[in-house]
$ cat final.txt   # compact mmCIF, C-alpha atoms
# COMPACT_ATOMS: atom_id res chain seq x y z
CA MET A 25 103.21 -107.85 75.50
CA VAL A 26 104.24 -107.33 71.89
CA VAL A 27 100.88 -108.72 70.69
CA ILE A 28 99.00 -106.36 72.97
CA LEU A 29 101.04 -103.41 71.72
CA ILE A 30 100.33 -104.35 68.12
CA LYS A 31 96.60 -104.57 68.86
CA VAL A 32 96.68 -101.18 70.60
CA GLN A 33 98.43 -99.63 67.62
CA LYS A 34 95.93 -101.26 65.29
CA TYR A 35 92.96 -99.93 67.26
CA TYR A 36 94.60 -96.55 67.49
CA LYS A 37 95.03 -96.50 63.72
CA TYR A 38 91.39 -97.46 63.21
CA GLY A 39 90.38 -94.83 65.74
CA LEU A 40 92.28 -92.14 63.83
CA ILE A 41 90.61 -93.22 60.59
CA ILE A 42 87.17 -93.05 62.21
CA VAL A 43 87.92 -89.63 63.72
CA PHE A 44 89.15 -88.44 60.32
CA ILE A 45 86.00 -89.71 58.58
CA ILE A 46 83.76 -88.10 61.20
CA SER A 47 85.67 -84.81 60.99
CA LEU A 48 85.46 -84.86 57.20
CA SER A 49 81.74 -85.58 57.34
CA VAL A 50 81.17 -82.71 59.76
CA LEU A 51 83.21 -80.40 57.52
CA PHE A 52 81.21 -81.43 54.45
CA PHE A 53 77.98 -80.95 56.37
CA PHE A 54 78.86 -77.43 57.43
CA GLN A 55 80.09 -76.56 53.93
CA TYR A 56 76.88 -77.90 52.42
CA ASN A 57 74.82 -76.06 55.02
CA GLU A 58 76.65 -72.81 54.27
CA LYS A 59 76.15 -73.37 50.54
CA VAL A 60 72.42 -73.91 51.05
CA LYS A 61 72.19 -70.75 53.17
CA TYR A 62 74.14 -68.78 50.55
CA GLN A 63 71.91 -70.04 47.72
CA LYS A 64 68.82 -69.19 49.76
CA TYR A 65 70.14 -65.68 50.42
CA ILE A 66 70.95 -65.13 46.74
CA SER A 67 67.56 -66.52 45.70
CA ASN A 68 65.72 -64.20 48.10
CA GLN A 69 67.72 -61.22 46.87
CA MET A 70 67.12 -62.28 43.26
CA ASN A 71 63.38 -62.51 43.81
CA ASP A 72 63.28 -59.05 45.39
CA ASP A 73 65.41 -57.50 42.64
CA LEU A 74 63.54 -59.01 39.71
CA HIS A 75 60.18 -58.04 41.15
CA THR A 76 61.55 -54.52 41.61
CA LEU A 77 62.38 -54.61 37.89
CA ILE A 78 58.88 -55.87 37.04
CA ASN A 79 57.24 -53.26 39.26
CA SER A 80 59.38 -50.51 37.71
CA ILE A 81 58.26 -51.44 34.21
CA ASN A 82 54.62 -51.58 35.34
CA GLU A 83 54.84 -48.23 37.09
CA ASP A 84 56.48 -46.63 34.05
CA SER A 85 53.66 -47.94 31.86
CA ASN A 86 51.07 -46.26 34.08
CA LEU A 87 53.06 -43.03 34.12
CA TYR A 88 53.40 -42.94 30.35
CA ASP A 89 49.63 -43.36 29.99
CA VAL A 90 48.99 -40.38 32.27
CA ILE A 91 51.69 -38.21 30.69
CA ILE A 92 50.54 -38.93 27.13
CA SER A 93 46.88 -38.31 27.97
CA THR A 94 47.61 -34.96 29.65
CA ASN A 95 50.55 -33.97 27.40
CA LYS A 96 52.26 -32.83 30.58
CA ILE A 97 54.86 -34.21 32.99
CA THR A 98 55.54 -33.26 36.60
CA LYS A 99 58.87 -33.00 38.36
CA ASP A 100 58.03 -36.06 40.47
CA GLN A 101 57.02 -38.08 37.41
CA SER A 102 60.30 -37.32 35.66
CA LYS A 103 62.21 -38.35 38.78
CA THR A 104 60.25 -41.60 39.08
CA LEU A 105 60.92 -42.47 35.43
CA MET A 106 64.60 -41.73 35.97
CA VAL A 107 64.86 -43.91 39.09
CA ASN A 108 62.82 -46.75 37.61
CA ASN A 109 64.97 -46.94 34.50
CA GLU A 110 68.11 -46.82 36.63
CA ASN A 111 66.71 -49.82 38.54
CA ILE A 112 65.91 -51.65 35.33
CA ARG A 113 69.38 -51.04 33.97
CA ASN A 114 71.23 -52.00 37.16
CA ILE A 115 69.24 -55.17 37.77
CA ILE A 116 69.64 -56.41 34.20
CA VAL A 117 73.40 -55.79 34.36
CA GLU A 118 73.72 -57.54 37.74
CA TYR A 119 71.91 -60.70 36.71
CA ARG A 120 73.47 -60.96 33.28
CA ASN A 121 76.83 -60.85 35.08
CA LEU A 122 75.62 -63.47 37.56
CA ALA A 123 74.60 -65.74 34.68
CA VAL A 124 78.17 -65.63 33.38
CA VAL A 125 79.72 -66.17 36.83
CA LEU A 126 77.52 -69.23 37.38
CA LYS A 127 78.40 -70.55 33.91
CA LYS A 128 74.75 -70.35 32.86
CA ARG A 129 75.73 -68.18 29.91
CA LYS A 130 78.92 -67.63 27.93
CA ASP A 131 81.31 -64.70 28.22
CA GLY A 132 79.99 -61.69 26.36
CA TYR A 133 76.49 -62.18 27.72
CA GLN A 134 77.06 -59.04 29.80
CA TYR A 135 76.95 -56.91 26.65
CA ASP A 136 73.29 -56.26 25.91
CA SER A 137 70.86 -53.76 24.42
CA SER A 138 68.21 -53.76 27.13
CA SER A 139 70.36 -52.28 29.90
CA VAL A 140 71.94 -49.78 27.49
CA ASN A 141 68.56 -48.44 26.44
CA ALA A 142 67.26 -48.38 30.00
CA TYR A 143 70.30 -46.25 30.85
CA LYS A 144 69.50 -43.87 27.97
CA LEU A 145 65.95 -43.53 29.28
CA ALA A 146 67.26 -42.81 32.78
CA ARG A 147 69.53 -40.10 31.37
CA LEU A 148 66.68 -38.56 29.39
CA TYR A 149 64.43 -38.21 32.44
CA TYR A 150 67.32 -36.99 34.55
CA GLU A 151 67.72 -34.15 32.04
CA TRP A 152 63.99 -33.44 32.13
CA HIS A 153 64.03 -33.39 35.91
CA GLU A 154 66.92 -30.93 35.89
CA GLU A 155 65.02 -28.67 33.48
CA PHE A 156 62.50 -27.95 36.21
CA TYR A 157 65.32 -26.32 38.18
CA ASP A 158 67.55 -24.90 35.44
CA SER A 159 64.92 -23.40 33.10
CA HIS A 160 61.37 -22.16 32.91
CA PHE A 161 60.12 -25.63 31.96
CA ASN A 162 56.55 -25.98 33.25
CA GLY A 163 56.02 -29.62 32.31
CA ASN A 164 54.14 -29.03 29.06
CA LEU A 165 55.45 -31.31 26.32
CA ASP A 166 56.65 -29.81 23.05
CA MET A 167 56.88 -31.89 19.86
CA LYS A 168 60.34 -33.15 20.74
CA LYS A 169 59.33 -34.36 24.18
CA GLN A 170 56.13 -35.88 22.82
CA SER A 171 58.15 -38.03 20.41
CA GLN A 172 60.53 -39.02 23.20
CA ILE A 173 57.67 -40.07 25.47
CA LYS A 174 55.99 -41.97 22.65
CA ALA A 175 59.16 -43.95 21.82
CA SER A 176 59.89 -44.56 25.51
CA ASN A 177 56.39 -45.91 25.99
CA GLN A 178 56.69 -48.21 22.97
CA LEU A 179 59.89 -49.79 24.26
CA ASN A 180 58.52 -50.09 27.78
CA SER A 181 55.34 -51.69 26.40
CA SER A 182 57.43 -54.39 24.73
CA TRP A 183 59.06 -55.10 28.10
CA LEU A 184 55.65 -55.13 29.73
CA GLU A 185 54.60 -58.01 27.48
CA VAL A 186 57.33 -60.06 29.16
CA THR A 187 56.85 -58.98 32.76
CA ASN A 188 53.06 -59.45 32.71
CA LYS A 189 53.63 -63.18 32.19
CA LEU A 190 56.09 -63.48 35.08
CA ALA A 191 54.61 -61.18 37.72
CA SER A 192 53.47 -64.07 39.93
CA ILE A 193 56.70 -66.09 39.63
CA ARG A 194 59.02 -66.59 42.60
CA PHE A 195 62.51 -66.35 41.17
CA ASN A 196 65.38 -68.44 42.55
CA LEU A 197 68.66 -70.00 41.49
CA SER A 198 67.18 -73.46 41.11
CA ASN A 199 64.93 -72.61 38.15
CA LYS A 200 65.45 -70.87 34.83
CA GLU A 201 62.73 -68.24 35.13
CA TRP A 202 65.23 -65.51 36.02
CA LEU A 203 67.25 -66.30 32.93
CA ASN A 204 64.09 -66.45 30.82
CA LEU A 205 63.14 -62.99 32.07
CA ILE A 206 66.36 -61.23 31.15
CA ASP A 207 66.60 -63.16 27.87
CA ALA A 208 63.06 -62.17 26.92
CA LEU A 209 63.70 -58.50 27.78
CA GLU A 210 66.74 -58.55 25.54
CA SER A 211 64.81 -60.23 22.74
CA LYS A 212 62.05 -57.62 22.92
CA THR A 213 64.60 -54.82 22.93
CA ILE A 214 66.36 -56.18 19.86
CA SER A 215 63.03 -56.62 18.06
CA PHE A 216 62.15 -53.00 18.86
CA MET A 217 65.48 -51.82 17.47
CA GLU A 218 65.19 -53.93 14.32
CA LYS A 219 61.60 -52.84 13.70
CA ASN A 220 62.65 -49.19 13.86
CA LYS A 221 65.96 -49.84 12.05
CA ILE A 222 68.03 -48.26 14.80
CA ASP A 223 70.87 -49.14 17.17
CA ASN A 224 69.43 -47.41 20.24
CA ILE A 225 66.32 -45.54 21.29
CA GLU A 226 67.89 -42.11 20.84
CA GLU A 227 67.78 -42.67 17.11
CA VAL A 228 63.98 -43.07 17.27
CA TRP A 229 63.70 -39.67 18.91
CA VAL A 230 65.80 -38.09 16.18
CA LYS A 231 64.05 -40.00 13.41
CA GLU A 232 60.56 -39.02 14.55
CA GLN A 233 61.56 -35.37 14.62
CA GLY A 234 62.85 -35.59 11.07
CA ILE A 235 66.35 -34.60 12.19
CA LYS A 236 69.27 -36.05 10.24

$ encode --input "final.txt" --output "structure tokens"
Amino acid sequence: MVVILIKVQKYYKYGLIIVFIISLSVLFFFQYNEKVKYQKYISNQMNDDLHTLINSINEDSNLYDVIISTNKITKDQSKTLMVNNENIRNIIVEYRNLAVVLKKRKDGYQYDSSSVNAYKLARLYYEWHEEFYDSHFNGNLDMKKQSQIKASNQLNSSWLEVTNKLASIRFNLSNKEWLNLIDALESKTISFMEKNKIDNIEEVWVKEQGIK
């Protein structure tokens, strides 16, 4: 009787161990499955966002060509330039932050020139858009606005050199293309600033007007 009891206890112990192992395996499976789903969701969102950024830069390039050739801007064009540069700024900020969170880049990576200058462009075209309502602005570009458009186009063209090479890429967390994109945009921005010996694009506008 004692021997039987010992065997029962032994089998019971083994049974608990097996149940524990199975439960742990199921838990790990579901955690892994959730992780895969989360990574897939983030990757899909990343691909959408970064192609929105690329498309915004491309659209701005086309708009600048039209505006420069006609020496005139419409209310809708100023709004589109404002929205596109807001998108560029927000997407760069989001994915530079993500790079730090994922330990792909060190702290401080969030502080960049590309998003700052995209923000300044967004503010510029917001002000132009408001001028259509608050003044008698008819869209014709004076010397000041011509210099602003020219500088904006030059910076955007440097970004376009980057995005043209990555337009067909599918971005996801498992490759480095998304990091390469935001790194290259930053590099082009810094080169633009150094070439013009400025800290931000507003200084180009002032410099080209001969204003001290």

$ atom_distance --input "final.txt" --atom1 "atom CA of A:Ser85" --atom2 "atom CA of A:Asn177"
6.8 Å

$ closest_residue --input "final.txt" --among "A:Asp207, A:Glu218, A:Asp100, A:Asp223" --to "A:Tyr149" --atoms "all atoms listed in the file"
A:Asp100

$ atom_distance --input "final.txt" --atom1 "atom CA of A:Asp131" --atom2 "atom CA of A:Ser67"
22.3 Å

$ atom_distance --input "final.txt" --atom1 "atom CA of A:Val186" --atom2 "atom CA of A:Leu209"
6.7 Å

$ residues_around --input "final.txt" --residues "A:Ile116" --least-positions-apart "5" --cutoff "8 Å" --atoms "all atoms listed in the file" --output "list in words"
Ser138, Ser139 and Ile206 of chain A

$ residues_near_point --input "final.txt" --point "(57.4, -34.2, 39.0)" --cutoff "12 Å" --atoms "only C-alpha atoms" --output "ChimeraX atom specification"
/A:87,91,96-106,149-150,152-157,161-164

$ write_last_selection --input "final.txt" --atoms "C-alpha atoms" --output "short mmCIF file (atom, residue, chain, number, x, y, z; two decimals), in the coordinates of the input"
data_model
loop_
_atom_site.label_atom_id
_atom_site.label_comp_id
_atom_site.auth_asym_id
_atom_site.auth_seq_id
_atom_site.Cartn_x
_atom_site.Cartn_y
_atom_site.Cartn_z
CA LEU A 87 53.06 -43.03 34.12
CA ILE A 91 51.69 -38.21 30.69
CA LYS A 96 52.26 -32.83 30.58
CA ILE A 97 54.86 -34.21 32.99
CA THR A 98 55.54 -33.26 36.60
CA LYS A 99 58.87 -33.00 38.36
CA ASP A 100 58.03 -36.06 40.47
CA GLN A 101 57.02 -38.08 37.41
CA SER A 102 60.30 -37.32 35.66
CA LYS A 103 62.21 -38.35 38.78
CA THR A 104 60.25 -41.60 39.08
CA LEU A 105 60.92 -42.47 35.43
CA MET A 106 64.60 -41.73 35.97
CA TYR A 149 64.43 -38.21 32.44
CA TYR A 150 67.32 -36.99 34.55
CA TRP A 152 63.99 -33.44 32.13
CA HIS A 153 64.03 -33.39 35.91
CA GLU A 154 66.92 -30.93 35.89
CA GLU A 155 65.02 -28.67 33.48
CA PHE A 156 62.50 -27.95 36.21
CA TYR A 157 65.32 -26.32 38.18
CA PHE A 161 60.12 -25.63 31.96
CA ASN A 162 56.55 -25.98 33.25
CA GLY A 163 56.02 -29.62 32.31
CA ASN A 164 54.14 -29.03 29.06
#

$ closest_residue --input "final.txt" --among "A:Thr213, A:Thr94, A:Asn180, A:Asn109" --to "A:Ala146" --atoms "all atoms listed in the file"
A:Asn109

$ closest_residue --input "final.txt" --among "A:Val125, A:Asp136, A:Ile92, A:Ile81" --to "A:Ile112" --atoms "all atoms listed in the file"
A:Ile81

$ residues_around --input "final.txt" --residues "A:Tyr135" --least-positions-apart "6" --cutoff "12 Å" --atoms "only C-alpha atoms" --output "number ranges by chain"
A: 116-121, 124, 129, 141, 210

$ closest_residue --input "final.txt" --among "A:Ala123, A:Leu197, A:Ala142, A:Leu179" --to "A:Asn111" --atoms "only C-alpha atoms"
A:Ala142

$ closest_residue --input "final.txt" --among "A:Asn114, A:Asn68, A:Asn108, A:Ser198" --to "A:Asn82" --atoms "all atoms listed in the file"
A:Asn108

$ closest_residue --input "final.txt" --among "A:Ser181, A:Gln134, A:Thr187, A:Ser211" --to "A:Asn79" --atoms "all atoms listed in the file"
A:Thr187

$ residues_around --input "final.txt" --residues "A:Asn196" --least-positions-apart "5" --cutoff "8 Å" --atoms "all atoms listed in the file" --output "PyMOL selection string"
chain A and resi 66-68+70-71+201-202
